[in-house]
Amino acid sequence: MAKVMTVRGQVDSKELGFTLTHEHLSLDFHHFYVAPPSGLELYVNKKITLQNVGYVRQYPYSSAYNVNFEDDDTHDAVLKDVMQYKACGGNTIVENTSHGINRNLKLLYNISEACNVHIVAGTGHYVQAVQPDSVTHMTIEEMGDLYTKEILFGAQVDTTANETNVIKCGMIGEVGSSWPITSFEKKAIQATGETQSVLNCPVTFHPGRDKDAPSEIVRLYLEAGGKADKCVMSHLDRTILDHDDLLEFAKLGTYCQFDLFGTECSYYQLNNCGYMPSDEQRLQSVVHMINEGYEDRVLMSHDIHTKHRLTHFGGHGYSHILTNILMRLSLKGIDIKTVDNITIKNPARWLEMKI
């Protein structure tokens with residue numbers, strides 16, 4: 001029987017329930033700090049309050065406090081939000097923090113225990129810019145060996161008091177690349193494809209901020225032996241904005257993930273020549289994919305990775321899709337069976353491994 005590997009062990013894929021396929025519960029994001037516009041330093045260089053949260057929402061990467069997503073303030077707020085997610089009907093979270101941005105397996109296990117939520121951890125490497133030289137010099141074989149070991153054998157982690165657990169990864173991802181794709185990032189994609197072909201594990205990719213990036217990643221991945229139907233392409237809602245281009249990409253057979261739900265600021269600091277779509281535009285893309293026959297390829301999530309998107313700091317939290325977005329899909333004529341396919345069946349099928 002096909003199983004899914006969570007941080008607390010194997011579970012039947014039918015037990016996953018409603019699943020968020022791209023989230024972070026802790027990560028080191030300080031590399032992506034962006035200096036604020038002149039004159040706004042006073043408003044963003046402090047903790048988040050009612051007096052400055054509007055500025056932080058507009059310039060989220062200009063607040064050093066906001067991009068610190070691994071301190072105690074963050075972890076306390078994340079725990080409360082995951083509890084709320086469970087109360088609203090959520091059951092599984094795929095945590096996409098990989099090597100280079102400080103994955104925290106101990107925290108994932110403890111939150112899973114405290115909230116009774118399935119959490120799937122990832123292996124793999126994020127973009128080259130966050131990697132030390134010792135990592136960028138790794139060979140494809142060394143990368144693949146690491147991914148295989150973390151999936152098959154896991155790592156011993158001290159979790160709760162007087163307890164050590166072996167925590168295994170349930171996927172490879174998020175595997176990050178910039179644009180143009182660097183030589184290190186190409187190696188990581190190729191190692192992912194080779195490992196996937198052997199283990200038949202799920203994988204997920206973070207593309208650079210260019211509409212051609214997703215297709216180039218998939219080309220490298222497929223050439224290395226990876227299977228399209230076990231692959232998720234993340235962040236398509238900020239990467240491929242034209243519906244015709246989106247349908248052309250969908251023909252490659254990967255899962256198409258719209259994972260920035262809740263981000264409602266059109267100015268995109270990490271790509272200031274482009275823009276960040278709204279939830280309404282994301283919904284239009286999802287509905288278009290459904291109407292064109294790609295219902296079984298669509299995934300949805302939030303990619304929460306800064307404080308201001310947690311409810312404690314005035315944000316929407318991990319329950320946003322459940323409480324705000326599914327209702328809007330219904331208003332657009334999408335029936336409950338289709339919603340269940342996208343939020344329950346598609347994630348389960350992607351995450352299944354015969355292990």
# chains A, B, ... in the order shown; residues from 1 in each chain; ligands from 1
>>> closest_atom_pairs(of="stretch 77-194 of chain A", to="stretch 225-242 of chain A", cutoff="8 Å", atoms="only C-alpha atoms", output="tab-separated table")
residue	atom	partner	partner_atom	distance
A:Thr192	CA	A:Gly226	CA	7.4
A:Gly193	CA	A:Gly226	CA	4.0
A:Glu194	CA	A:Gly225	CA	5.5
>>> write_last_selection(atoms="N, CA and C atoms", output="PDB file, in the first residue's frame")
ATOM      1  N   THR A 192      18.259  15.713  -8.070  1.00  0.00           N
ATOM      2  CA  THR A 192      16.862  15.465  -7.703  1.00  0.00           C
ATOM      3  C   THR A 192      16.213  14.504  -8.687  1.00  0.00           C
ATOM      4  N   GLY A 193      16.431  14.731  -9.987  1.00  0.00           N
ATOM      5  CA  GLY A 193      15.863  13.850 -11.002  1.00  0.00           C
ATOM      6  C   GLY A 193      16.380  12.427 -10.887  1.00  0.00           C
ATOM      7  N   GLU A 194      17.696  12.288 -10.672  1.00  0.00           N
ATOM      8  CA  GLU A 194      18.282  10.957 -10.555  1.00  0.00           C
ATOM      9  C   GLU A 194      17.763  10.228  -9.318  1.00  0.00           C
TER      10      GLU A 194
END
>>> closest_atom_pairs(of="stretch 126-148 of chain A", to="stretch 99-103 of chain A", cutoff="12 Å", atoms="only C-alpha atoms", output="CSV")
residue,atom,partner,partner_atom,distance
A:Tyr126,CA,A:Gly100,CA,5.7
A:Val127,CA,A:Gly100,CA,7.6
A:Gln128,CA,A:Gly100,CA,8.3
A:Ala129,CA,A:Gly100,CA,8.8
A:Val130,CA,A:Gly100,CA,5.4
A:Gln131,CA,A:Gly100,CA,5.3
A:Pro132,CA,A:Gly100,CA,8.1
A:Asp133,CA,A:Gly100,CA,11.3
A:Ser134,CA,A:Gly100,CA,11.5
A:Val135,CA,A:Gly100,CA,8.9
A:Thr136,CA,A:Gly100,CA,10.5
A:Met143,CA,A:His99,CA,10.8
A:Leu146,CA,A:His99,CA,10.5
A:Tyr147,CA,A:His99,CA,10.4
>>> write_last_selection(atoms="N, CA, C and O atoms", output="compact mmCIF listing (two decimals), in the first residue's frame")
# COMPACT_ATOMS: atom_id res chain seq x y z
N TYR A 126 18.39 24.62 -1.51
CA TYR A 126 17.80 25.87 -1.98
C TYR A 126 18.79 26.58 -2.90
O TYR A 126 19.83 26.01 -3.27
N VAL A 127 18.53 27.81 -3.27
CA VAL A 127 19.31 28.51 -4.29
C VAL A 127 20.79 28.64 -3.90
O VAL A 127 21.15 28.60 -2.72
N GLN A 128 21.64 28.83 -4.89
CA GLN A 128 23.08 28.89 -4.66
C GLN A 128 23.47 30.05 -3.74
O GLN A 128 24.42 29.94 -2.96
N ALA A 129 22.74 31.16 -3.80
CA ALA A 129 23.12 32.35 -3.05
C ALA A 129 23.17 32.12 -1.55
O ALA A 129 23.85 32.87 -0.83
N VAL A 130 22.48 31.11 -1.05
CA VAL A 130 22.44 30.88 0.40
C VAL A 130 23.36 29.74 0.83
O VAL A 130 23.41 29.40 2.01
N GLN A 131 24.10 29.16 -0.10
CA GLN A 131 24.92 27.99 0.21
C GLN A 131 26.38 28.38 0.47
O GLN A 131 26.93 29.23 -0.22
N PRO A 132 27.04 27.73 1.45
CA PRO A 132 28.49 27.94 1.65
C PRO A 132 29.27 27.27 0.53
O PRO A 132 28.76 26.38 -0.18
N ASP A 133 30.53 27.68 0.38
CA ASP A 133 31.37 27.12 -0.69
C ASP A 133 31.48 25.60 -0.60
O ASP A 133 31.53 24.91 -1.62
N SER A 134 31.52 25.08 0.63
CA SER A 134 31.66 23.63 0.80
C SER A 134 30.50 22.88 0.18
O SER A 134 30.64 21.74 -0.27
N VAL A 135 29.33 23.51 0.13
CA VAL A 135 28.15 22.88 -0.46
C VAL A 135 28.13 23.07 -1.98
O VAL A 135 27.81 22.14 -2.73
N THR A 136 28.49 24.25 -2.45
CA THR A 136 28.43 24.50 -3.89
C THR A 136 29.41 23.64 -4.66
O THR A 136 29.25 23.44 -5.87
N MET A 143 25.24 14.96 -3.78
CA MET A 143 23.91 15.49 -3.49
C MET A 143 22.87 14.37 -3.45
O MET A 143 22.07 14.26 -2.51
N LEU A 146 23.07 12.30 -0.35
CA LEU A 146 22.47 12.98 0.80
C LEU A 146 20.96 12.85 0.78
O LEU A 146 20.32 12.51 1.79
N TYR A 147 20.34 13.12 -0.37
CA TYR A 147 18.88 13.06 -0.47
C TYR A 147 18.38 11.65 -0.16
O TYR A 147 17.39 11.46 0.56
>>> closest_residue(among="A:Ser278, A:Asn68, A:Ser301, A:Gln156", to="A:Phe258", atoms="only C-alpha atoms")
A:Ser301
>>> closest_residue(among="A:Glu223, A:Asp279, A:Asp81, A:Asp12", to="A:Arg309", atoms="only C-alpha atoms")
A:Asp81
>>> residues_around(residues="stretch 31-36 of chain A", least_positions_apart="5", cutoff="7 Å", atoms="only C-alpha atoms", output="list in words")
Glu41, Tyr59, Tyr61, Ser62, Ala64, Val67 and Val130 of chain A
>>> closest_atom_pairs(of="stretch 204-289 of chain A", to="stretch 320-336 of chain A", cutoff="9 Å", atoms="only C-alpha atoms", output="Markdown table")
| residue | atom | partner | partner_atom | distance |
| --- | --- | --- | --- | --- |
| A:Phe261 | CA | A:Ile321 | CA | 7.1 |
| A:Gly262 | CA | A:His320 | CA | 6.8 |
| A:Asp279 | CA | A:Ile325 | CA | 8.2 |
| A:Glu280 | CA | A:Arg328 | CA | 8.9 |
| A:Leu283 | CA | A:Leu329 | CA | 7.1 |
| A:Val286 | CA | A:Leu329 | CA | 8.9 |
| A:Val287 | CA | A:Ile334 | CA | 7.7 |
>>> write_last_selection(atoms="N, CA, C and O atoms", output="tab-separated table (two decimals), in the first residue's frame")
chain	number	residue	atom	x	y	z
A	261	PHE	N	-1.26	32.28	-1.88
A	261	PHE	CA	-2.55	32.78	-1.44
A	261	PHE	C	-2.39	33.55	-0.12
A	261	PHE	O	-1.66	33.13	0.77
A	262	GLY	N	-3.05	34.68	-0.05
A	262	GLY	CA	-2.95	35.55	1.11
A	262	GLY	C	-2.03	36.74	0.89
A	262	GLY	O	-2.07	37.71	1.65
A	279	ASP	N	-5.21	37.48	-4.75
A	279	ASP	CA	-5.94	36.21	-4.61
A	279	ASP	C	-6.97	36.04	-5.71
A	279	ASP	O	-7.21	34.93	-6.19
A	280	GLU	N	-7.61	37.14	-6.12
A	280	GLU	CA	-8.60	37.04	-7.20
A	280	GLU	C	-7.94	36.56	-8.49
A	280	GLU	O	-8.49	35.70	-9.20
A	283	LEU	N	-7.19	32.88	-8.15
A	283	LEU	CA	-8.41	32.10	-8.33
A	283	LEU	C	-8.79	32.00	-9.81
A	283	LEU	O	-9.24	30.94	-10.27
A	286	VAL	N	-6.61	29.34	-11.28
A	286	VAL	CA	-7.03	28.00	-10.86
A	286	VAL	C	-8.29	27.57	-11.61
A	286	VAL	O	-8.37	26.45	-12.13
A	287	VAL	N	-9.27	28.46	-11.70
A	287	VAL	CA	-10.52	28.14	-12.41
A	287	VAL	C	-10.23	27.87	-13.88
A	287	VAL	O	-10.81	26.95	-14.49
>>> residues_around(residues="A:Glu70", least_positions_apart="2", cutoff="8 Å", atoms="only C-alpha atoms", output="CSV table (one decimal) with N, CA, C and O atoms, in the first residue's frame")
chain,number,residue,atom,x,y,z
A,26,SER,N,9.5,27.3,9.9
A,26,SER,CA,10.8,28.0,10.4
A,26,SER,C,11.8,28.0,9.3
A,26,SER,O,11.9,27.0,8.6
A,27,LEU,N,12.5,29.1,9.1
A,27,LEU,CA,13.5,29.2,8.1
A,27,LEU,C,14.4,30.4,8.3
A,27,LEU,O,13.9,31.4,8.9
A,28,ASP,N,15.6,30.4,7.7
A,28,ASP,CA,16.5,31.5,7.7
A,28,ASP,C,16.3,32.3,6.4
A,28,ASP,O,16.7,31.8,5.4
A,68,ASN,N,13.0,37.5,9.9
A,68,ASN,CA,13.6,36.6,10.9
A,68,ASN,C,12.4,35.6,11.2
A,68,ASN,O,11.6,35.9,12.1
A,72,ASP,N,12.0,32.9,18.6
A,72,ASP,CA,11.0,32.4,19.5
A,72,ASP,C,9.6,33.0,19.2
A,72,ASP,O,8.6,32.4,19.4
A,74,THR,N,8.4,33.9,16.4
A,74,THR,CA,7.9,33.2,15.2
A,74,THR,C,7.3,31.9,15.6
A,74,THR,O,6.2,31.5,15.3
A,75,HIS,N,8.2,31.1,16.3
A,75,HIS,CA,7.8,29.7,16.7
A,75,HIS,C,6.5,29.7,17.5
A,75,HIS,O,5.6,28.8,17.3
>>> atom_distance(atom1="atom CA of A:Ser215", atom2="atom CA of A:Lys149")
28.4 Å
>>> residues_around(residues="A:Gln84", least_positions_apart="5", cutoff="10 Å", atoms="only C-alpha atoms", output="ChimeraX atom specification")
/A:78-79,89-90,115,311,317-319
>>> write_last_selection(atoms="N, CA, C and O atoms", output="PDB file, in the first residue's frame")
ATOM      1  N   VAL A  78       3.638  30.516  15.095  1.00  0.00           N
ATOM      2  CA  VAL A  78       3.411  29.399  14.178  1.00  0.00           C
ATOM      3  C   VAL A  78       2.627  28.288  14.859  1.00  0.00           C
ATOM      4  O   VAL A  78       1.669  27.740  14.296  1.00  0.00           O
ATOM      5  N   LEU A  79       3.013  27.954  16.085  1.00  0.00           N
ATOM      6  CA  LEU A  79       2.318  26.897  16.822  1.00  0.00           C
ATOM      7  C   LEU A  79       0.835  27.224  16.958  1.00  0.00           C
ATOM      8  O   LEU A  79      -0.035  26.366  16.712  1.00  0.00           O
ATOM      9  N   GLY A  89     -10.085  22.401  10.095  1.00  0.00           N
ATOM     10  CA  GLY A  89     -10.242  21.254   9.210  1.00  0.00           C
ATOM     11  C   GLY A  89      -8.993  20.828   8.476  1.00  0.00           C
ATOM     12  O   GLY A  89      -9.016  19.855   7.718  1.00  0.00           O
ATOM     13  N   GLY A  90      -7.875  21.533   8.681  1.00  0.00           N
ATOM     14  CA  GLY A  90      -6.623  21.139   8.050  1.00  0.00           C
ATOM     15  C   GLY A  90      -6.015  19.941   8.736  1.00  0.00           C
ATOM     16  O   GLY A  90      -6.194  19.751   9.946  1.00  0.00           O
ATOM     17  N   CYS A 115       0.081  19.573  17.814  1.00  0.00           N
ATOM     18  CA  CYS A 115      -1.131  19.954  17.088  1.00  0.00           C
ATOM     19  C   CYS A 115      -1.849  18.765  16.458  1.00  0.00           C
ATOM     20  O   CYS A 115      -2.944  18.933  15.906  1.00  0.00           O
ATOM     21  N   THR A 311      -1.197  35.133  11.993  1.00  0.00           N
ATOM     22  CA  THR A 311      -2.306  35.888  12.585  1.00  0.00           C
ATOM     23  C   THR A 311      -1.864  36.728  13.772  1.00  0.00           C
ATOM     24  O   THR A 311      -2.415  37.817  14.011  1.00  0.00           O
ATOM     25  N   GLY A 317      -2.571  33.667   8.320  1.00  0.00           N
ATOM     26  CA  GLY A 317      -2.301  32.357   8.892  1.00  0.00           C
ATOM     27  C   GLY A 317      -2.484  31.210   7.907  1.00  0.00           C
ATOM     28  O   GLY A 317      -2.834  31.400   6.741  1.00  0.00           O
ATOM     29  N   TYR A 318      -2.252  29.989   8.408  1.00  0.00           N
ATOM     30  CA  TYR A 318      -2.316  28.789   7.570  1.00  0.00           C
ATOM     31  C   TYR A 318      -3.742  28.362   7.251  1.00  0.00           C
ATOM     32  O   TYR A 318      -3.949  27.445   6.443  1.00  0.00           O
ATOM     33  N   SER A 319      -4.730  29.007   7.851  1.00  0.00           N
ATOM     34  CA  SER A 319      -6.132  28.637   7.627  1.00  0.00           C
ATOM     35  C   SER A 319      -6.790  29.442   6.517  1.00  0.00           C
ATOM     36  O   SER A 319      -7.969  29.215   6.205  1.00  0.00           O
TER      37      SER A 319
END
>>> residues_around(residues="A:Thr139", least_positions_apart="2", cutoff="12 Å", atoms="only C-alpha atoms", output="ChimeraX atom specification")
/A:134-137,141-146,183-191
>>> write_last_selection(atoms="N, CA and C atoms", output="PDB file, in the first residue's frame")
ATOM      1  N   SER A 134      31.519  25.084   0.630  1.00  0.00           N
ATOM      2  CA  SER A 134      31.657  23.635   0.801  1.00  0.00           C
ATOM      3  C   SER A 134      30.499  22.879   0.178  1.00  0.00           C
ATOM      4  N   VAL A 135      29.328  23.511   0.129  1.00  0.00           N
ATOM      5  CA  VAL A 135      28.147  22.876  -0.463  1.00  0.00           C
ATOM      6  C   VAL A 135      28.129  23.067  -1.978  1.00  0.00           C
ATOM      7  N   THR A 136      28.486  24.253  -2.453  1.00  0.00           N
ATOM      8  CA  THR A 136      28.426  24.503  -3.893  1.00  0.00           C
ATOM      9  C   THR A 136      29.413  23.642  -4.664  1.00  0.00           C
ATOM     10  N   HIS A 137      30.425  23.112  -3.977  1.00  0.00           N
ATOM     11  CA  HIS A 137      31.404  22.240  -4.634  1.00  0.00           C
ATOM     12  C   HIS A 137      30.988  20.775  -4.613  1.00  0.00           C
ATOM     13  N   GLU A 141      26.584  13.317  -7.520  1.00  0.00           N
ATOM     14  CA  GLU A 141      26.523  12.052  -6.777  1.00  0.00           C
ATOM     15  C   GLU A 141      26.438  12.291  -5.281  1.00  0.00           C
ATOM     16  N   GLU A 142      27.206  13.252  -4.770  1.00  0.00           N
ATOM     17  CA  GLU A 142      27.171  13.562  -3.343  1.00  0.00           C
ATOM     18  C   GLU A 142      25.808  14.119  -2.935  1.00  0.00           C
ATOM     19  N   MET A 143      25.237  14.961  -3.781  1.00  0.00           N
ATOM     20  CA  MET A 143      23.906  15.487  -3.488  1.00  0.00           C
ATOM     21  C   MET A 143      22.873  14.368  -3.452  1.00  0.00           C
ATOM     22  N   GLY A 144      22.884  13.534  -4.469  1.00  0.00           N
ATOM     23  CA  GLY A 144      21.925  12.438  -4.538  1.00  0.00           C
ATOM     24  C   GLY A 144      22.064  11.481  -3.364  1.00  0.00           C
ATOM     25  N   ASP A 145      23.301  11.252  -2.934  1.00  0.00           N
ATOM     26  CA  ASP A 145      23.533  10.387  -1.778  1.00  0.00           C
ATOM     27  C   ASP A 145      22.916  10.985  -0.521  1.00  0.00           C
ATOM     28  N   LEU A 146      23.068  12.299  -0.351  1.00  0.00           N
ATOM     29  CA  LEU A 146      22.472  12.976   0.801  1.00  0.00           C
ATOM     30  C   LEU A 146      20.956  12.850   0.776  1.00  0.00           C
ATOM     31  N   SER A 183      25.290  26.929 -12.141  1.00  0.00           N
ATOM     32  CA  SER A 183      25.826  25.574 -12.299  1.00  0.00           C
ATOM     33  C   SER A 183      25.497  24.708 -11.083  1.00  0.00           C
ATOM     34  N   PHE A 184      25.589  25.288  -9.874  1.00  0.00           N
ATOM     35  CA  PHE A 184      25.233  24.530  -8.672  1.00  0.00           C
ATOM     36  C   PHE A 184      23.766  24.133  -8.695  1.00  0.00           C
ATOM     37  N   GLU A 185      22.913  25.064  -9.068  1.00  0.00           N
ATOM     38  CA  GLU A 185      21.476  24.788  -9.094  1.00  0.00           C
ATOM     39  C   GLU A 185      21.134  23.722 -10.137  1.00  0.00           C
ATOM     40  N   LYS A 186      21.840  23.724 -11.251  1.00  0.00           N
ATOM     41  CA  LYS A 186      21.642  22.668 -12.248  1.00  0.00           C
ATOM     42  C   LYS A 186      22.009  21.309 -11.661  1.00  0.00           C
ATOM     43  N   LYS A 187      23.103  21.260 -10.896  1.00  0.00           N
ATOM     44  CA  LYS A 187      23.494  19.996 -10.258  1.00  0.00           C
ATOM     45  C   LYS A 187      22.409  19.523  -9.290  1.00  0.00           C
ATOM     46  N   ALA A 188      21.850  20.458  -8.533  1.00  0.00           N
ATOM     47  CA  ALA A 188      20.800  20.091  -7.576  1.00  0.00           C
ATOM     48  C   ALA A 188      19.561  19.554  -8.289  1.00  0.00           C
ATOM     49  N   ILE A 189      19.195  20.158  -9.402  1.00  0.00           N
ATOM     50  CA  ILE A 189      18.041  19.686 -10.182  1.00  0.00           C
ATOM     51  C   ILE A 189      18.326  18.291 -10.745  1.00  0.00           C
ATOM     52  N   GLN A 190      19.533  18.108 -11.276  1.00  0.00           N
ATOM     53  CA  GLN A 190      19.890  16.806 -11.841  1.00  0.00           C
ATOM     54  C   GLN A 190      19.950  15.727 -10.761  1.00  0.00           C
ATOM     55  N   ALA A 191      20.516  16.064  -9.599  1.00  0.00           N
ATOM     56  CA  ALA A 191      20.556  15.105  -8.491  1.00  0.00           C
ATOM     57  C   ALA A 191      19.147  14.747  -8.040  1.00  0.00           C
TER      58      ALA A 191
END
>>> residues_around(residues="A:Asp303", least_positions_apart="3", cutoff="6 Å", atoms="only C-alpha atoms", output="PyMOL selection string")
chain A and resi 22-23+259-260
>>> write_last_selection(atoms="all heavy atoms", output="PDB file, in the first residue's frame")
ATOM      1  N   HIS A  22       2.807  23.674   0.283  1.00  0.00           N
ATOM      2  CA  HIS A  22       4.021  24.503   0.291  1.00  0.00           C
ATOM      3  C   HIS A  22       3.936  25.542   1.396  1.00  0.00           C
ATOM      4  O   HIS A  22       3.385  26.634   1.221  1.00  0.00           O
ATOM      5  CB  HIS A  22       4.232  25.209  -1.054  1.00  0.00           C
ATOM      6  CG  HIS A  22       5.605  25.793  -1.205  1.00  0.00           C
ATOM      7  ND1 HIS A  22       6.498  25.366  -2.160  1.00  0.00           N
ATOM      8  CD2 HIS A  22       6.256  26.765  -0.520  1.00  0.00           C
ATOM      9  CE1 HIS A  22       7.631  26.043  -2.060  1.00  0.00           C
ATOM     10  NE2 HIS A  22       7.497  26.906  -1.056  1.00  0.00           N
ATOM     11  N   GLU A  23       4.494  25.182   2.553  1.00  0.00           N
ATOM     12  CA  GLU A  23       4.550  26.104   3.683  1.00  0.00           C
ATOM     13  C   GLU A  23       5.921  26.028   4.341  1.00  0.00           C
ATOM     14  O   GLU A  23       6.721  25.127   4.070  1.00  0.00           O
ATOM     15  CB  GLU A  23       3.471  25.755   4.721  1.00  0.00           C
ATOM     16  CG  GLU A  23       2.048  25.784   4.196  1.00  0.00           C
ATOM     17  CD  GLU A  23       1.582  27.149   3.717  1.00  0.00           C
ATOM     18  OE1 GLU A  23       2.186  28.181   4.104  1.00  0.00           O
ATOM     19  OE2 GLU A  23       0.611  27.191   2.940  1.00  0.00           O
ATOM     20  N   ASP A 259       0.728  28.993  -4.834  1.00  0.00           N
ATOM     21  CA  ASP A 259       1.047  28.833  -3.413  1.00  0.00           C
ATOM     22  C   ASP A 259       1.349  30.134  -2.694  1.00  0.00           C
ATOM     23  O   ASP A 259       2.001  30.136  -1.657  1.00  0.00           O
ATOM     24  CB  ASP A 259       2.227  27.868  -3.253  1.00  0.00           C
ATOM     25  CG  ASP A 259       3.421  28.228  -4.117  1.00  0.00           C
ATOM     26  OD1 ASP A 259       3.646  29.435  -4.353  1.00  0.00           O
ATOM     27  OD2 ASP A 259       4.128  27.312  -4.566  1.00  0.00           O
ATOM     28  N   LEU A 260       0.861  31.246  -3.221  1.00  0.00           N
ATOM     29  CA  LEU A 260       1.066  32.520  -2.535  1.00  0.00           C
ATOM     30  C   LEU A 260      -0.266  33.138  -2.113  1.00  0.00           C
ATOM     31  O   LEU A 260      -0.375  34.362  -1.982  1.00  0.00           O
ATOM     32  CB  LEU A 260       1.863  33.476  -3.429  1.00  0.00           C
ATOM     33  CG  LEU A 260       3.316  33.035  -3.620  1.00  0.00           C
ATOM     34  CD1 LEU A 260       3.920  33.671  -4.865  1.00  0.00           C
ATOM     35  CD2 LEU A 260       4.163  33.358  -2.404  1.00  0.00           C
TER      36      LEU A 260
END
>>> closest_residue(among="A:Ser98, A:Thr160, A:Thr306, A:Ser178", to="A:Ile48", atoms="only C-alpha atoms")
A:Thr306
